file coords_8.txt (compact mmCIF, C-alpha atoms)
# COMPACT_ATOMS: atom_id res chain seq x y z
CA MET A 63 91.69 88.59 77.21
CA LYS A 64 90.55 87.72 73.71
CA ILE A 65 87.55 86.14 72.03
CA ASN A 66 86.75 85.30 68.41
CA CYS A 67 83.28 86.64 67.64
CA GLY A 68 82.95 84.43 64.55
CA ALA A 69 83.84 81.15 66.24
CA ILE A 70 81.11 81.09 68.90
CA PRO A 71 77.32 80.83 68.35
CA GLU A 72 75.58 84.11 69.15
CA ASN A 73 73.66 82.81 72.19
CA LEU A 74 76.89 81.51 73.74
CA LEU A 75 78.83 84.63 72.76
CA GLU A 76 76.44 86.74 74.82
CA THR A 77 77.09 84.73 77.98
CA GLU A 78 80.83 84.58 77.27
CA LEU A 79 80.99 88.37 77.05
CA PHE A 80 78.52 89.36 79.78
CA GLY A 81 78.16 86.29 82.00
CA TYR A 82 74.90 85.10 83.52
CA GLU A 83 73.05 84.76 86.81
CA LYS A 84 72.01 81.50 88.42
CA GLY A 85 68.70 80.38 86.94
CA ALA A 86 68.93 82.67 83.91
CA PHE A 87 68.27 79.63 81.71
CA THR A 88 67.90 75.86 82.12
CA ASP A 89 71.57 74.97 82.46
CA ALA A 90 72.54 78.01 84.53
CA LYS A 91 73.28 76.12 87.77
CA GLY A 92 75.37 78.96 89.15
CA THR A 93 76.57 82.49 88.45
CA LYS A 94 79.19 82.99 85.73
CA LYS A 95 81.31 86.06 85.19
CA GLY A 96 81.72 87.18 81.58
CA LEU A 97 84.78 88.40 79.75
CA PHE A 98 84.16 92.08 80.47
CA GLU A 99 83.82 91.45 84.18
CA LEU A 100 86.89 89.19 84.31
CA THR A 101 88.96 91.74 82.37
CA ASN A 102 88.11 94.68 84.62
CA GLY A 103 91.14 96.97 84.59
CA GLY A 104 92.53 95.37 81.44
CA THR A 105 91.92 94.93 77.72
CA VAL A 106 89.38 92.88 75.78
CA PHE A 107 90.35 91.91 72.24
CA LEU A 108 87.32 91.20 70.03
CA ASP A 109 88.53 89.39 66.92
CA GLU A 110 86.30 89.21 63.83
CA ILE A 111 84.01 91.92 65.23
CA SER A 112 82.21 91.98 61.87
CA GLU A 113 80.66 88.58 62.68
CA MET A 114 78.88 89.87 65.79
CA LYS A 115 75.09 89.86 65.47
CA SER A 116 73.05 93.05 65.72
CA PHE A 117 71.60 92.56 69.22
CA LEU A 118 75.09 91.94 70.61
CA GLN A 119 76.41 95.00 68.79
CA THR A 120 73.78 97.00 70.70
CA LYS A 121 74.92 95.57 74.04
CA LEU A 122 78.57 96.19 73.18
CA LEU A 123 77.81 99.81 72.28
CA ARG A 124 76.21 100.28 75.70
CA VAL A 125 79.32 98.91 77.43
CA LEU A 126 81.55 101.27 75.46
CA GLU A 127 79.38 104.28 76.25
CA SER A 128 78.54 103.62 79.89
CA GLN A 129 81.29 101.19 81.00
CA SER A 130 78.56 99.08 82.54
CA PHE A 131 76.34 96.11 81.69
CA MET A 132 74.07 93.47 83.19
CA ARG A 133 74.71 89.74 83.19
CA VAL A 134 72.19 87.61 81.31
CA GLY A 135 69.26 87.24 83.68
CA GLY A 136 70.69 89.92 85.95
CA GLU A 137 68.93 92.88 87.56
CA ARG A 138 71.83 95.11 88.57
CA GLU A 139 74.38 97.11 86.65
CA ILE A 140 78.01 96.03 86.84
CA SER A 141 80.57 98.76 86.27
CA VAL A 142 83.90 97.96 84.64
CA ASP A 143 86.98 99.81 83.42
CA VAL A 144 87.89 97.98 80.22
CA ARG A 145 89.71 98.97 77.05
CA VAL A 146 88.37 97.35 73.87
CA ILE A 147 90.44 96.48 70.81
CA ALA A 148 88.52 95.11 67.83
CA ALA A 149 89.78 93.53 64.61
CA THR A 150 88.21 92.51 61.33
CA ASN A 151 89.30 91.47 57.85
CA ARG A 152 86.10 92.83 56.29
CA ASP A 153 85.09 96.32 55.14
CA LEU A 154 82.87 97.61 57.96
CA SER A 155 81.74 100.57 55.84
CA ALA A 156 80.31 98.14 53.28
CA LEU A 157 78.62 96.15 56.06
CA ILE A 158 77.04 99.35 57.38
CA ASN A 159 75.63 100.12 53.93
CA ALA A 160 74.29 96.56 53.79
CA GLY A 161 72.61 96.99 57.19
CA GLN A 162 74.80 94.34 58.83
CA PHE A 163 76.82 96.55 61.18
CA ARG A 164 75.70 99.43 63.39
CA LYS A 165 77.00 102.81 62.27
CA ASP A 166 77.08 104.19 65.83
CA LEU A 167 79.14 101.22 67.04
CA TYR A 168 81.52 101.65 64.11
CA TYR A 169 82.23 105.27 65.00
CA ARG A 170 82.43 104.46 68.71
CA LEU A 171 85.12 101.85 67.99
CA LYS A 172 86.92 104.07 65.49
CA VAL A 173 88.98 106.04 68.02
CA MET A 174 92.33 104.87 66.73
CA VAL A 175 92.56 102.74 63.59
CA ILE A 176 95.57 100.63 62.63
CA GLU A 177 95.26 99.32 59.09
CA MET A 178 97.28 96.19 58.44
CA PRO A 179 98.34 95.93 54.78
CA PRO A 180 97.72 92.59 53.07
CA LEU A 181 100.65 90.21 53.13
CA ARG A 182 101.22 90.54 49.38
CA GLU A 183 102.15 94.21 49.92
CA THR A 184 104.67 93.67 52.71
CA GLY A 185 107.57 92.41 50.58
CA GLU A 186 110.42 90.99 52.62
CA ASP A 187 108.19 90.78 55.71
CA ILE A 188 106.87 87.57 54.15
CA LEU A 189 110.26 85.91 54.63
CA LEU A 190 110.68 87.32 58.15
CA LEU A 191 107.33 85.86 59.16
CA ALA A 192 108.06 82.58 57.37
CA ASN A 193 111.29 82.16 59.34
CA LEU A 194 109.48 82.95 62.58
CA PHE A 195 106.90 80.25 61.82
CA ILE A 196 109.70 77.81 60.95
CA GLU A 197 111.24 78.36 64.40
CA GLU A 198 107.87 77.81 66.08
CA ASN A 199 107.18 74.61 64.15
CA ASN A 200 110.70 73.28 64.74
CA LYS A 201 110.00 73.39 68.48
CA GLU A 202 106.54 71.85 68.20
CA LEU A 203 107.42 69.16 65.65
CA GLY A 204 110.96 68.36 66.73
CA LYS A 205 112.38 69.38 63.34
CA ASN A 206 115.60 71.20 62.43
CA VAL A 207 114.64 73.28 59.41
CA THR A 208 117.07 76.20 59.25
CA GLY A 209 116.06 78.03 56.08
CA ILE A 210 114.21 78.33 52.79
CA SER A 211 115.77 77.57 49.42
CA GLY A 212 116.14 80.38 46.89
CA ALA A 213 113.50 78.93 44.57
CA ALA A 214 111.04 78.45 47.45
CA ARG A 215 111.64 82.05 48.56
CA GLU A 216 110.71 83.27 45.09
CA TYR A 217 107.44 81.35 45.21
CA LEU A 218 106.61 82.82 48.62
CA LEU A 219 107.37 86.37 47.47
CA ASN A 220 105.43 86.11 44.20
CA TYR A 221 102.27 84.52 45.62
CA GLY A 222 99.16 86.70 46.14
CA TRP A 223 98.38 85.46 49.70
CA PRO A 224 94.57 85.72 49.71
CA GLY A 225 94.56 84.24 53.22
CA ASN A 226 97.23 86.66 54.48
CA VAL A 227 99.31 85.74 57.56
CA ARG A 228 97.06 82.85 58.56
CA GLU A 229 97.60 81.23 55.19
CA LEU A 230 101.36 81.74 55.40
CA LYS A 231 101.46 80.20 58.89
CA ASN A 232 99.60 77.09 57.74
CA ILE A 233 101.68 76.70 54.59
CA ILE A 234 104.93 76.93 56.57
CA GLU A 235 103.62 74.37 59.05
CA ARG A 236 102.84 72.05 56.14
CA ALA A 237 106.28 72.64 54.60
CA VAL A 238 108.10 71.89 57.86
CA ILE A 239 106.11 68.67 58.26
CA LEU A 240 107.01 67.57 54.73
CA SER A 241 110.68 68.56 54.98
CA ASN A 242 113.15 65.74 55.65
CA GLY A 243 116.20 67.99 55.69
CA ASN A 244 117.13 71.40 56.99
CA GLU A 245 115.65 73.47 54.15
CA ILE A 246 112.21 74.14 52.75
CA LEU A 247 112.13 73.31 49.03
CA PRO A 248 109.55 74.14 46.32
CA ASP A 249 108.15 70.61 46.51
CA HIS A 250 107.15 71.28 50.11
CA LEU A 251 104.86 74.13 49.02
CA PRO A 252 101.25 73.75 47.82
CA ILE A 253 100.50 73.66 44.10
CA GLU A 254 98.87 77.11 44.11
CA LEU A 255 102.18 78.70 45.09
CA ARG A 256 104.19 76.84 42.49
CA LYS A 257 101.85 77.11 39.53
CA GLY A 258 99.32 79.73 40.51
CA GLN A 259 95.69 78.99 41.19
CA LEU A 260 94.46 80.26 37.86
CA ASP A 261 97.16 78.44 35.91
CA ASP A 262 96.19 75.22 37.61
CA ILE A 263 92.58 75.69 36.61
CA GLY A 264 93.66 76.81 33.13
CA ASP A 265 95.42 73.49 32.56
CA ARG A 266 91.99 71.88 32.63
CA THR A 267 89.89 74.37 30.73
CA ALA A 268 89.86 75.68 27.18
CA ASP A 269 89.36 79.33 28.02
CA ILE A 270 90.03 80.72 31.49
CA ALA A 271 88.19 83.91 30.61
CA ASP A 272 84.98 81.91 30.68
CA LEU A 273 85.48 80.93 34.33
CA SER A 274 83.24 82.70 36.81
CA LEU A 275 84.48 84.07 40.14
CA GLU A 276 82.34 81.45 41.87
CA THR A 277 84.10 78.66 39.96
CA ILE A 278 87.49 79.94 41.05
CA GLU A 279 86.38 80.41 44.66
CA LYS A 280 84.85 76.92 44.81
CA LYS A 281 88.04 75.38 43.46
CA HIS A 282 90.23 77.29 45.91
CA ILE A 283 88.07 76.33 48.91
CA ARG A 284 88.13 72.69 47.79
CA ASP A 285 91.93 72.75 47.43
CA VAL A 286 92.44 74.31 50.87
CA LEU A 287 90.09 71.76 52.44
CA MET A 288 92.03 68.94 50.83
CA MET A 289 95.32 70.41 52.08
CA MET A 290 93.85 70.63 55.61
CA ASP A 291 92.51 67.05 55.38
CA GLY A 292 88.93 68.31 55.56
CA ASN A 293 89.43 70.18 58.84
CA LYS A 294 87.04 73.14 58.60
CA SER A 295 88.58 75.16 61.44
CA ARG A 296 92.07 75.03 59.94
CA ALA A 297 90.71 75.64 56.43
CA ALA A 298 88.82 78.73 57.63
CA ARG A 299 91.99 80.09 59.26
CA MET A 300 93.97 79.58 56.06
CA LEU A 301 91.25 81.22 53.96
CA GLY A 302 91.07 84.16 56.35
CA ILE A 303 87.34 83.77 57.00
CA SER A 304 85.24 82.70 59.97
CA ARG A 305 84.12 79.10 60.41
CA SER A 306 80.48 80.18 59.98
CA THR A 307 81.30 81.88 56.67
CA LEU A 308 83.09 78.73 55.51
CA ARG A 309 80.04 76.63 56.41
CA GLU A 310 77.86 78.92 54.29
CA LYS A 311 80.22 78.57 51.32
CA LEU A 312 80.42 74.78 51.71
CA LYS A 313 76.64 74.65 51.59
CA LYS A 314 76.51 77.04 48.64
CA TYR A 315 79.00 75.01 46.58
CA SER A 316 77.80 71.57 47.81
CA LEU A 317 81.23 70.83 49.30
CA PHE A 318 81.63 68.53 52.27
CA ALA A 319 84.28 68.30 54.95
CA ALA A 320 84.91 66.47 58.20

call {"tool": "encode", "arguments": {"input": "coords_8.txt", "output": "structure tokens"}}
result
Amino acid sequence: MKINCGAIPENLLETELFGYEKGAFTDAKGTKKGLFELTNGGTVFLDEISEMKSFLQTKLLRVLESQSFMRVGGEREISVDVRVIAATNRDLSALINAGQFRKDLYYRLKVMVIEMPPLRETGEDILLLANLFIEENNKELGKNVTGISGAAREYLLNYGWPGNVRELKNIIERAVILSNGNEILPDHLPIELRKGQLDDIGDRTADIADLSLETIEKKHIRDVLMMMDGNKSRAARMLGISRSTLREKLKKYSLFAA
């Protein structure tokens, strides 16, 4: 069973993971089993573990060490046999130095580490994944796209993919929607693939060297939001960040979305 730690408010995440007893809080009309209890004998996948707040990190560490926990409002220990897999797209070592992630939890999780290289370093895997996403979208959208033109393939291979696989998945979905034939063409791809994000900005500025990183980030977030029709959840997935992180950046840059 899986849960996205960055997509659920921290008070709800606690009850989702550990459950609660009847009467634990105002709306607790009955007892609820949490993810760890429901997954007893199986595997819990904690996505975006870096977004988990400190007090929940402490409770998670206890589960990993003792294989037991208490429901919210509970008075007895519940023992479970659960394997935990955690994932993050952030540097946990940097978060530890910043005081945002527990060092003991980091080393407790770090039994076996699988590092996934960024999409820009995987070469031809980009096209393999793109074709997989085409097949999936053909079924969902009732399309019959059978391939990618040579020019479009070059754009996909030469792009930097800051949003990694999530960005590729969304871009292929967009391309399949726009395609009226059986092939994805360059015109079906977003402008940042065809011209490059910096080139696009450079067309409208005298000296790109004077642009700050914040200016570039703001522009990219705005472009992705426009491509996703203002949908913050889809934009966050394409950008490879959590929805809460996107909200913070929208506030920082005075951007608005539906």

call {"tool": "residues_around", "arguments": {"input": "coords_8.txt", "residues": "Ile70 in chain A", "least_positions_apart": "6", "cutoff": "12 Å", "atoms": "all atoms listed in the file", "output": "ChimeraX atom specification"}}
result
/A:76-79,108-111,113-115,304-306

call {"tool": "atom_distance", "arguments": {"input": "coords_8.txt", "atom1": "CA of Asn242 in chain A", "atom2": "CA of Gly225 in chain A"}}
result
26.3 Å

call {"tool": "residues_around", "arguments": {"input": "coords_8.txt", "residues": "Leu123 in chain A", "least_positions_apart": "3", "cutoff": "10 Å", "atoms": "all atoms listed in the file", "output": "list of chain:residue names"}}
result
A:Leu118, A:Gln119, A:Thr120, A:Leu126, A:Glu127, A:Ser128, A:Gln129, A:Arg164, A:Asp166, A:Leu167, A:Tyr168, A:Arg170, A:Leu171

call {"tool": "atom_distance", "arguments": {"input": "coords_8.txt", "atom1": "CA of Pro248 in chain A", "atom2": "CA of Ile234 in chain A"}}
result
11.6 Å

call {"tool": "residues_around", "arguments": {"input": "coords_8.txt", "residues": "Gly302 in chain A", "least_positions_apart": "6", "cutoff": "9 Å", "atoms": "all atoms listed in the file", "output": "JSON, numbers by chain"}}
result
{"A": [151, 224, 225, 226, 227, 228, 229]}

call {"tool": "closest_residue", "arguments": {"input": "coords_8.txt", "among": "A:Val173, A:Ile65, A:Ile233, A:Leu247", "to": "Gly209 in chain A", "atoms": "only C-alpha atoms"}}
result
A:Leu247

call {"tool": "closest_residue", "arguments": {"input": "coords_8.txt", "among": "A:Ala214, A:Ala69, A:Leu317, A:Ile278", "to": "Pro252 in chain A", "atoms": "only C-alpha atoms"}}
result
A:Ala214

call {"tool": "atom_distance", "arguments": {"input": "coords_8.txt", "atom1": "CA of Ser316 in chain A", "atom2": "CA of Leu301 in chain A"}}
result
17.7 Å

call {"tool": "residues_around", "arguments": {"input": "coords_8.txt", "residues": "Glu183 in chain A", "least_positions_apart": "5", "cutoff": "12 Å", "atoms": "all atoms listed in the file", "output": "VMD selection string"}}
result
chain A and resid 178 188 219 to 224 226 to 227

call {"tool": "closest_residue", "arguments": {"input": "coords_8.txt", "among": "A:Ala86, A:Leu218, A:Leu194, A:Ala213", "to": "Arg133 in chain A", "atoms": "only C-alpha atoms"}}
result
A:Ala86

call {"tool": "residues_around", "arguments": {"input": "coords_8.txt", "residues": "Leu287 in chain A", "least_positions_apart": "4", "cutoff": "9 Å", "atoms": "all atoms listed in the file", "output": "list in words"}}
result
His282, Ile283, Asp291, Gly292, Asn293, Lys294, Arg296, Ala297, Ala298 and Ala319 of chain A

call {"tool": "closest_atom_pairs", "arguments": {"input": "coords_8.txt", "of": "range 74-113 of chain A", "to": "range 134-147 of chain A", "cutoff": "9 Å", "atoms": "all atoms listed in the file", "output": "CSV"}}
result
residue,atom,partner,partner_atom,distance
A:Glu76,CA,A:Val134,CA,7.8
A:Thr77,CA,A:Val134,CA,6.6
A:Phe80,CA,A:Val134,CA,6.7
A:Gly81,CA,A:Val134,CA,6.2
A:Tyr82,CA,A:Val134,CA,4.3
A:Glu83,CA,A:Gly135,CA,5.5
A:Lys84,CA,A:Gly135,CA,7.9
A:Gly85,CA,A:Gly135,CA,7.6
A:Ala86,CA,A:Gly135,CA,4.6
A:Phe87,CA,A:Gly135,CA,7.9
A:Phe98,CA,A:Val144,CA,7.0
A:Glu99,CA,A:Val142,CA,6.5
A:Thr101,CA,A:Val144,CA,6.7
A:Asn102,CA,A:Val142,CA,5.3
A:Gly103,CA,A:Asp143,CA,5.2
A:Gly104,CA,A:Val144,CA,5.5
A:Thr105,CA,A:Arg145,CA,4.7
A:Val106,CA,A:Val146,CA,5.0
A:Phe107,CA,A:Ile147,CA,4.8
A:Leu108,CA,A:Ile147,CA,6.2
A:Asp109,CA,A:Ile147,CA,8.3

call {"tool": "closest_residue", "arguments": {"input": "coords_8.txt", "among": "A:Glu72, A:Glu310, A:Asp153, A:Glu197", "to": "Glu177 in chain A", "atoms": "all atoms listed in the file"}}
result
A:Asp153

call {"tool": "closest_atom_pairs", "arguments": {"input": "coords_8.txt", "of": "range 218-256 of chain A", "to": "range 199-206 of chain A", "cutoff": "8 Å", "atoms": "only C-alpha atoms", "output": "JSON lines"}}
result
{"residue": "A:Glu235", "atom": "CA", "partner": "A:Asn199", "partner_atom": "CA", "distance": 6.2}
{"residue": "A:Val238", "atom": "CA", "partner": "A:Asn199", "partner_atom": "CA", "distance": 6.9}
{"residue": "A:Ile239", "atom": "CA", "partner": "A:Leu203", "partner_atom": "CA", "distance": 7.5}
{"residue": "A:Gly243", "atom": "CA", "partner": "A:Asn206", "partner_atom": "CA", "distance": 7.5}
{"residue": "A:Asn244", "atom": "CA", "partner": "A:Asn206", "partner_atom": "CA", "distance": 5.7}

call {"tool": "decode", "arguments": {"input": "coords_8.txt", "residues": "range 127-205 of chain A", "atoms": "C-alpha atoms", "output": "PDB file, in the first residue's frame"}}
result
ATOM      1  CA  GLU A 127      12.675   0.064  15.429  1.00  0.00           C
ATOM      2  CA  SER A 128       9.977  -1.723  17.421  1.00  0.00           C
ATOM      3  CA  GLN A 129       7.509  -2.862  14.717  1.00  0.00           C
ATOM      4  CA  SER A 130       4.753  -1.478  16.912  1.00  0.00           C
ATOM      5  CA  PHE A 131       2.718   1.701  17.376  1.00  0.00           C
ATOM      6  CA  MET A 132      -0.419   3.105  18.975  1.00  0.00           C
ATOM      7  CA  ARG A 133      -3.418   4.496  17.134  1.00  0.00           C
ATOM      8  CA  VAL A 134      -4.189   8.165  17.715  1.00  0.00           C
ATOM      9  CA  GLY A 135      -6.022   8.265  21.031  1.00  0.00           C
ATOM     10  CA  GLY A 136      -5.083   4.652  21.716  1.00  0.00           C
ATOM     11  CA  GLU A 137      -3.702   3.105  24.900  1.00  0.00           C
ATOM     12  CA  ARG A 138      -2.320  -0.206  23.675  1.00  0.00           C
ATOM     13  CA  GLU A 139       0.549  -1.178  21.443  1.00  0.00           C
ATOM     14  CA  ILE A 140      -0.248  -2.770  18.096  1.00  0.00           C
ATOM     15  CA  SER A 141       2.439  -5.038  16.671  1.00  0.00           C
ATOM     16  CA  VAL A 142       2.910  -5.326  12.916  1.00  0.00           C
ATOM     17  CA  ASP A 143       5.281  -7.001  10.476  1.00  0.00           C
ATOM     18  CA  VAL A 144       5.696  -4.408   7.734  1.00  0.00           C
ATOM     19  CA  ARG A 145       8.433  -3.637   5.238  1.00  0.00           C
ATOM     20  CA  VAL A 146       8.890   0.067   4.470  1.00  0.00           C
ATOM     21  CA  ILE A 147      10.063   1.498   1.151  1.00  0.00           C
ATOM     22  CA  ALA A 148      10.578   5.258   1.034  1.00  0.00           C
ATOM     23  CA  ALA A 149      11.219   7.564  -1.915  1.00  0.00           C
ATOM     24  CA  THR A 150      12.209  11.184  -2.328  1.00  0.00           C
ATOM     25  CA  ASN A 151      13.441  13.517  -5.056  1.00  0.00           C
ATOM     26  CA  ARG A 152      15.287  15.710  -2.545  1.00  0.00           C
ATOM     27  CA  ASP A 153      18.731  15.442  -0.948  1.00  0.00           C
ATOM     28  CA  LEU A 154      18.038  14.075   2.534  1.00  0.00           C
ATOM     29  CA  SER A 155      21.617  14.796   3.641  1.00  0.00           C
ATOM     30  CA  ALA A 156      21.044  18.487   2.920  1.00  0.00           C
ATOM     31  CA  LEU A 157      17.726  18.389   4.794  1.00  0.00           C
ATOM     32  CA  ILE A 158      19.481  16.828   7.793  1.00  0.00           C
ATOM     33  CA  ASN A 159      22.034  19.653   7.813  1.00  0.00           C
ATOM     34  CA  ALA A 160      19.152  22.130   7.629  1.00  0.00           C
ATOM     35  CA  GLY A 161      17.443  20.466  10.601  1.00  0.00           C
ATOM     36  CA  GLN A 162      14.451  19.357   8.516  1.00  0.00           C
ATOM     37  CA  PHE A 163      14.988  15.592   8.586  1.00  0.00           C
ATOM     38  CA  ARG A 164      15.991  13.311  11.449  1.00  0.00           C
ATOM     39  CA  LYS A 165      19.458  11.822  11.085  1.00  0.00           C
ATOM     40  CA  ASP A 166      18.517   8.646  12.980  1.00  0.00           C
ATOM     41  CA  LEU A 167      15.515   8.061  10.720  1.00  0.00           C
ATOM     42  CA  TYR A 168      17.687   8.627   7.651  1.00  0.00           C
ATOM     43  CA  TYR A 169      20.154   5.934   8.694  1.00  0.00           C
ATOM     44  CA  ARG A 170      17.347   3.602   9.787  1.00  0.00           C
ATOM     45  CA  LEU A 171      15.787   3.862   6.322  1.00  0.00           C
ATOM     46  CA  LYS A 172      19.134   3.608   4.544  1.00  0.00           C
ATOM     47  CA  VAL A 173      19.371  -0.197   4.570  1.00  0.00           C
ATOM     48  CA  MET A 174      19.347  -0.568   0.810  1.00  0.00           C
ATOM     49  CA  VAL A 175      19.449   2.496  -1.444  1.00  0.00           C
ATOM     50  CA  ILE A 176      18.443   2.517  -5.103  1.00  0.00           C
ATOM     51  CA  GLU A 177      19.418   5.767  -6.780  1.00  0.00           C
ATOM     52  CA  MET A 178      17.357   6.581  -9.849  1.00  0.00           C
ATOM     53  CA  PRO A 179      19.322   8.689 -12.352  1.00  0.00           C
ATOM     54  CA  PRO A 180      17.568  11.776 -13.711  1.00  0.00           C
ATOM     55  CA  LEU A 181      15.743  11.244 -16.982  1.00  0.00           C
ATOM     56  CA  ARG A 182      18.219  13.410 -18.910  1.00  0.00           C
ATOM     57  CA  GLU A 183      20.939  10.824 -18.174  1.00  0.00           C
ATOM     58  CA  THR A 184      19.010   7.752 -19.314  1.00  0.00           C
ATOM     59  CA  GLY A 185      19.375   8.260 -23.073  1.00  0.00           C
ATOM     60  CA  GLU A 186      17.190   5.938 -25.113  1.00  0.00           C
ATOM     61  CA  ASP A 187      15.106   5.084 -22.023  1.00  0.00           C
ATOM     62  CA  ILE A 188      13.338   8.384 -22.695  1.00  0.00           C
ATOM     63  CA  LEU A 189      11.884   6.979 -25.920  1.00  0.00           C
ATOM     64  CA  LEU A 190      11.009   3.633 -24.318  1.00  0.00           C
ATOM     65  CA  LEU A 191       9.062   5.420 -21.596  1.00  0.00           C
ATOM     66  CA  ALA A 192       7.476   7.797 -24.108  1.00  0.00           C
ATOM     67  CA  ASN A 193       6.157   4.863 -26.144  1.00  0.00           C
ATOM     68  CA  LEU A 194       4.826   3.210 -22.991  1.00  0.00           C
ATOM     69  CA  PHE A 195       2.932   6.398 -22.096  1.00  0.00           C
ATOM     70  CA  ILE A 196       1.607   6.619 -25.668  1.00  0.00           C
ATOM     71  CA  GLU A 197       0.130   3.120 -25.321  1.00  0.00           C
ATOM     72  CA  GLU A 198      -1.472   4.017 -21.993  1.00  0.00           C
ATOM     73  CA  ASN A 199      -2.985   7.232 -23.341  1.00  0.00           C
ATOM     74  CA  ASN A 200      -4.227   5.530 -26.509  1.00  0.00           C
ATOM     75  CA  LYS A 201      -6.343   3.235 -24.325  1.00  0.00           C
ATOM     76  CA  GLU A 202      -7.614   6.028 -22.087  1.00  0.00           C
ATOM     77  CA  LEU A 203      -8.277   8.582 -24.833  1.00  0.00           C
ATOM     78  CA  GLY A 204      -9.362   6.277 -27.629  1.00  0.00           C
ATOM     79  CA  LYS A 205      -6.496   7.402 -29.872  1.00  0.00           C
TER      80      LYS A 205
END
